[in-house]
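K.L.:
Below you'll find the structure I mean.
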Amino acid sequence: MGMFANLSLRLNHIFSHLTKRGKLTELEIKEAMREIRVALLEADVNFLVAKNFINRVSQRAVGQEVLNSLTPGQQVIKIVNEELISLLGQTNSKLAVSSSLPTIILLCGLQGSGKTTMCGKLASMLKSQGKKPMLVACDIYRPAAINQLQVVGKTANVEVFEKGTQAPLKTCKQAIEYSKKKLYDTIIVDTAGRLSIDEKLMQELKELKQGINPTEILLVVDAMNGQESVNVAQSFNEVLDITGVILTKLDGDTRGGCALSISEIVKKPIKFCGIGEKINDIEPFYPDRMASRILGMGDVLTLIEKAQNAVSEEEAKQLEKKFRESSFTFEDYLDQMDKINKMGNINDLIGMIPGLNKKMAGTQINEKDLEKNKAIIQSMTPKERRNPDLIKGSQKKRIADGSGTQIQDVNRLIKQFEQSKLMMKKMKGGGLKNFKF
């Protein structure tokens, strides 16, 4: 169900009781606060964080403004939303840029947190913003760590600077000189991780910090590890005074307590989150958008940004024209499936649509079904893709055999396709004009 799914369901259940009532008593609000506290603790939120959060919400919620309000339930939800935003760090924290190039970003974290992959994701994102980044391999202990960074660099189409197993500080200094010659404006340093925090690791990171004076020290933590990740963040912060946190595996079936606790405990912002395996699966962390997702209010802004990155305005206009003229084909359908795939996990995207995630709570769109549909379309001839009316009984059998599916799967897809065309045709009266894909 993805991160925060259970917490969202619990909170929405609590809120539905509050909003049904015309008036709320202090006792009813206190009871709701107790339930929210239990929901937070079950989501693995740090005990002190949950306690302080509930105290802040309670103090505001039992004020006269709420108790005398005509919509007290809505007022309580508004307060919870505001306090959640505050808990998550208030505003989006952008990467600092050094006044003298290159900007140096030092990534640190425990082994298995996804640090090396995150180096590539960060570089890929900066590249798409017009920067010229370079990766520096400074994990000289883990077997194949340098090789892994090179593979990640190749995927991101970014140069990797490495000097084998020589001292990391020496490699970093050489990388800085090299970046100036090659006009790289940002270098991202991948450092050694350990299975647990130890003195040697911290000492090496301290020396690196003193030796290269990084613009940003970002700690990569695995959101799936819950409270343990919060403890790790505290330890790293005490030694390095980190500038921010990157949360990985936010797409996993994690309870979300780490995201809700870490900023409050460490007093450092969450700057980015990893939301999947692909090189583009990285998002800036927006506390207000995350609070919206937790409360089941959706996250339209992130959805729009993802759509804009996947589809150009010109492509959107062409698509609208095809729907208007009823010339939308299976080839276009295939193209749209690829675009949606580029935007990320389909179930995460649904979670960003206000109201829809509540209606679909507990249901999952099977990505395997989407792959099956793709295989069916790819088994059609170009002529059949452009004109589905040509697909009769014998063609259906050939397509099913070619895609490893059943004839009923082919029938189902053709029916879905015709329904989509019909729906879009109905929207052409004005809906699509204002619709951005």
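Each chain in the structure tokens gets a letter, A, B, ..., in the order shown, and its residues are numbered from 1; ligands are numbered from 1 in order too.
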Show me, as a VMD selection string, the residues that have an atom within 12 Å of Val57 (chain A) when counting only C-alpha atoms, minus same-chain residues fewer than 5 positions from it.
P.N.:
chain A and resid 29 to 30 32 to 34 36 to 37 50 to 52 62 to 63 66 75 to 84 86 to 87
K.L.:
Find the residues around Ile294 (chain A) up to 8 Å (only C-alpha atoms counted), leave out those fewer than 6 positions away in its own chain, and share them as an NGL selection string.
P.N.:
:A and (4-5 or 7-8)
K.L.:
Write the residues of the preceding selection, restricted to N, CA, C and O atoms, as an mmCIF file, in the first residue's frame.
P.N.:
```
data_model
loop_
_atom_site.group_PDB
_atom_site.id
_atom_site.type_symbol
_atom_site.label_atom_id
_atom_site.label_comp_id
_atom_site.auth_asym_id
_atom_site.auth_seq_id
_atom_site.Cartn_x
_atom_site.Cartn_y
_atom_site.Cartn_z
ATOM 1 N N PHE A 4 2.736 5.529 4.577
ATOM 2 C CA PHE A 4 1.662 6.321 5.201
ATOM 3 C C PHE A 4 0.250 5.814 4.898
ATOM 4 O O PHE A 4 -0.715 6.412 5.337
ATOM 5 N N ALA A 5 0.129 4.724 4.119
ATOM 6 C CA ALA A 5 -1.213 4.269 3.725
ATOM 7 C C ALA A 5 -2.056 3.932 4.953
ATOM 8 O O ALA A 5 -3.203 4.377 5.067
ATOM 9 N N LEU A 7 -1.552 4.887 8.085
ATOM 10 C CA LEU A 7 -1.745 6.094 8.894
ATOM 11 C C LEU A 7 -2.838 6.967 8.271
ATOM 12 O O LEU A 7 -3.710 7.480 8.982
ATOM 13 N N SER A 8 -2.820 7.107 6.948
ATOM 14 C CA SER A 8 -3.856 7.890 6.253
ATOM 15 C C SER A 8 -5.246 7.328 6.514
ATOM 16 O O SER A 8 -6.183 8.074 6.798
#
```
K.L.:
Please identify all polymer residues within 12 Å of Lys397 (chain A), counting only C-alpha atoms, omitting same-chain residues fewer than 2 positions from it, and present them as number ranges by chain.
P.N.:
A: 376, 379-380, 391-395, 399-411
K.L.:
Would you save the residues from that selection as a compact mmCIF listing (two decimals), in the first residue's frame, using C-alpha atoms?
P.N.:
```
# COMPACT_ATOMS: atom_id res chain seq x y z
CA ILE A 376 -0.81 -7.41 -26.42
CA SER A 379 1.82 -8.31 -30.78
CA MET A 380 -0.51 -6.45 -33.15
CA ILE A 391 -9.00 -7.22 -35.27
CA LYS A 392 -11.43 -10.13 -35.64
CA GLY A 393 -11.50 -13.69 -34.21
CA SER A 394 -8.44 -15.19 -35.94
CA GLN A 395 -6.35 -12.05 -35.38
CA ILE A 399 -2.29 -11.65 -30.85
CA ALA A 400 -3.05 -13.65 -27.68
CA ASP A 401 -0.54 -16.37 -28.66
CA GLY A 402 2.10 -13.79 -29.58
CA SER A 403 1.76 -11.96 -26.24
CA GLY A 404 1.40 -15.05 -24.04
CA THR A 405 -2.12 -14.01 -23.01
CA GLN A 406 -5.71 -15.25 -23.46
CA ILE A 407 -8.27 -14.12 -26.07
CA GLN A 408 -10.39 -12.65 -23.23
CA ASP A 409 -7.39 -10.45 -22.26
CA VAL A 410 -7.27 -9.11 -25.84
CA ASN A 411 -11.05 -8.50 -25.79
```
K.L.:
Just give me the gap between CA of Pro284 (chain A) and CA of Phe272 (chain A) in Å, one decimal is fine.
P.N.:
4.4 Å
K.L.:
Using backbone DSSP assignments, extract all strand (DSSP E) residues from region 172-220 of chain A; output them as a list of chain:residue names.
P.N.:
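Reading the DSSP output for region 172-220 of chain A, strand (DSSP E) covers A:Thr186, A:Ile187, A:Ile188, A:Val189, A:Asp190, A:Thr191, A:Glu216, A:Ile217, A:Leu218, A:Leu219, A:Val220.
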K.L.:
Got a sec: who's within 7 Å of region 92-98 of chain A, counting only C-alpha atoms, leaving out chain neighbours fewer than 2 positions off, as a compact mmCIF listing (two decimals) with N, CA and C atoms, in the first residue's frame?
P.N.:
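Generated file (out_34.txt):
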```txt
# COMPACT_ATOMS: atom_id res chain seq x y z
N SER A 100 32.05 29.95 -4.79
CA SER A 100 33.17 29.61 -5.68
C SER A 100 33.02 28.15 -6.11
N LEU A 101 32.94 27.93 -7.41
CA LEU A 101 32.70 26.58 -7.93
C LEU A 101 33.93 25.69 -7.75
N PRO A 102 33.75 24.37 -7.61
CA PRO A 102 32.47 23.67 -7.69
C PRO A 102 31.72 23.66 -6.35
N THR A 103 30.40 23.48 -6.43
CA THR A 103 29.60 23.18 -5.25
C THR A 103 29.91 21.72 -4.89
N THR A 215 29.84 22.06 0.57
CA THR A 215 28.73 23.02 0.61
C THR A 215 27.53 22.36 1.31
N GLU A 216 27.33 21.09 1.03
CA GLU A 216 26.23 20.32 1.64
C GLU A 216 26.77 18.99 2.15
N PRO A 269 16.62 19.76 7.77
CA PRO A 269 15.54 19.50 6.81
C PRO A 269 15.72 18.21 6.01
N LYS A 271 15.66 17.03 2.50
CA LYS A 271 15.78 17.78 1.23
C LYS A 271 15.21 17.03 0.04
N PHE A 285 11.69 17.34 -1.35
CA PHE A 285 10.75 17.08 -0.25
C PHE A 285 10.00 18.36 0.11
N TYR A 286 8.69 18.32 -0.08
CA TYR A 286 7.84 19.47 0.27
C TYR A 286 6.97 19.09 1.48
N PRO A 287 7.23 19.67 2.66
CA PRO A 287 6.45 19.30 3.85
C PRO A 287 4.95 19.46 3.67
```
K.L.:
For Pro168 (chain A), work out the shell of residues within 10 Å, counting only C-alpha atoms and skipping chain neighbours fewer than 3 positions away, then give it as a list of chain:residue names.
P.N.:
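That gives A:Val136, A:Ala137, A:Cys138, A:Asp139, A:Ile140, A:Glu162, A:Lys163, A:Gly164, A:Thr165, A:Thr171, A:Cys172, A:Lys173, A:Gln174, A:Val189, A:Asp190, A:Thr191, A:Ala192, A:Glu204, A:Leu205, A:Glu207, A:Leu208.
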K.L.:
For Leu195 (chain A), which residue out of A:Met224, A:Thr91, A:Lys127, A:Ser113 is the nearest one, using only C-alpha atoms?
P.N.:
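Selected residue with least distance to Leu195 (chain A): A:Ser113.
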K.L.:
Within 12 Å of Ser128 (chain A), counting only C-alpha atoms, which residues show up once you throw out same-chain ones fewer than 3 positions away? Write them as a ChimeraX atom specification, please.
P.N.:
/A:121-125,131-133,156-158,279-280,309
K.L.:
Any chance you can output those residues with N, CA, C and O atoms as an mmCIF file, in the first residue's frame?
P.N.:
```cif
data_model
loop_
_atom_site.group_PDB
_atom_site.id
_atom_site.type_symbol
_atom_site.label_atom_id
_atom_site.label_comp_id
_atom_site.auth_asym_id
_atom_site.auth_seq_id
_atom_site.Cartn_x
_atom_site.Cartn_y
_atom_site.Cartn_z
ATOM 1 N N LYS A 121 21.062 9.516 -8.809
ATOM 2 C CA LYS A 121 19.744 10.173 -8.922
ATOM 3 C C LYS A 121 19.887 11.694 -8.771
ATOM 4 O O LYS A 121 19.270 12.460 -9.502
ATOM 5 N N LEU A 122 20.710 12.075 -7.806
ATOM 6 C CA LEU A 122 20.932 13.501 -7.548
ATOM 7 C C LEU A 122 21.611 14.152 -8.759
ATOM 8 O O LEU A 122 21.218 15.239 -9.198
ATOM 9 N N ALA A 123 22.615 13.450 -9.317
ATOM 10 C CA ALA A 123 23.333 13.969 -10.487
ATOM 11 C C ALA A 123 22.386 14.102 -11.678
ATOM 12 O O ALA A 123 22.401 15.105 -12.395
ATOM 13 N N SER A 124 21.538 13.088 -11.873
ATOM 14 C CA SER A 124 20.579 13.092 -12.983
ATOM 15 C C SER A 124 19.606 14.264 -12.854
ATOM 16 O O SER A 124 19.298 14.948 -13.834
ATOM 17 N N MET A 125 19.137 14.503 -11.623
ATOM 18 C CA MET A 125 18.202 15.603 -11.369
ATOM 19 C C MET A 125 18.886 16.960 -11.632
ATOM 20 O O MET A 125 18.313 17.832 -12.280
ATOM 21 N N LYS A 131 22.579 21.879 -14.711
ATOM 22 C CA LYS A 131 23.891 21.862 -14.032
ATOM 23 C C LYS A 131 24.821 20.877 -14.748
ATOM 24 O O LYS A 131 24.380 20.047 -15.541
ATOM 25 N N LYS A 132 26.119 20.954 -14.395
ATOM 26 C CA LYS A 132 27.088 20.015 -14.966
ATOM 27 C C LYS A 132 27.765 19.272 -13.802
ATOM 28 O O LYS A 132 28.798 19.704 -13.285
ATOM 29 N N PRO A 133 27.145 18.167 -13.339
ATOM 30 C CA PRO A 133 27.690 17.475 -12.173
ATOM 31 C C PRO A 133 28.708 16.371 -12.514
ATOM 32 O O PRO A 133 28.741 15.872 -13.646
ATOM 33 N N ALA A 156 23.146 7.610 -15.408
ATOM 34 C CA ALA A 156 22.806 9.045 -15.308
ATOM 35 C C ALA A 156 23.502 9.872 -16.390
ATOM 36 O O ALA A 156 23.259 11.074 -16.508
ATOM 37 N N ASN A 157 24.418 9.203 -17.152
ATOM 38 C CA ASN A 157 25.202 9.880 -18.181
ATOM 39 C C ASN A 157 26.047 11.008 -17.581
ATOM 40 O O ASN A 157 26.052 12.136 -18.059
ATOM 41 N N VAL A 158 26.763 10.652 -16.491
ATOM 42 C CA VAL A 158 27.586 11.617 -15.747
ATOM 43 C C VAL A 158 28.967 11.001 -15.529
ATOM 44 O O VAL A 158 29.083 9.803 -15.248
ATOM 45 N N ILE A 279 16.476 5.847 -12.205
ATOM 46 C CA ILE A 279 17.399 6.972 -12.003
ATOM 47 C C ILE A 279 16.660 8.295 -11.787
ATOM 48 O O ILE A 279 17.157 9.204 -11.139
ATOM 49 N N ASN A 280 15.423 8.397 -12.306
ATOM 50 C CA ASN A 280 14.659 9.647 -12.131
ATOM 51 C C ASN A 280 13.748 9.616 -10.911
ATOM 52 O O ASN A 280 13.001 10.570 -10.678
ATOM 53 N N ASN A 309 7.137 16.929 -16.769
ATOM 54 C CA ASN A 309 8.435 16.349 -17.106
ATOM 55 C C ASN A 309 8.295 15.217 -18.118
ATOM 56 O O ASN A 309 9.191 14.963 -18.907
#
```
K.L.:
So how many Å separate CA of Val232 (chain A) and CA of Ser196 (chain A), to one decimal?
P.N.:
8.6 Å
K.L.:
Tell me which protein, DNA and RNA residues are within 12 Å of region 41-43 of chain A, counting only C-alpha atoms, leaving out same-chain ones fewer than 2 positions away, and put them as a PyMOL selection string.
P.N.:
chain A and resi 3-11+34-39+45-51+53-54+223-227+253-261+294
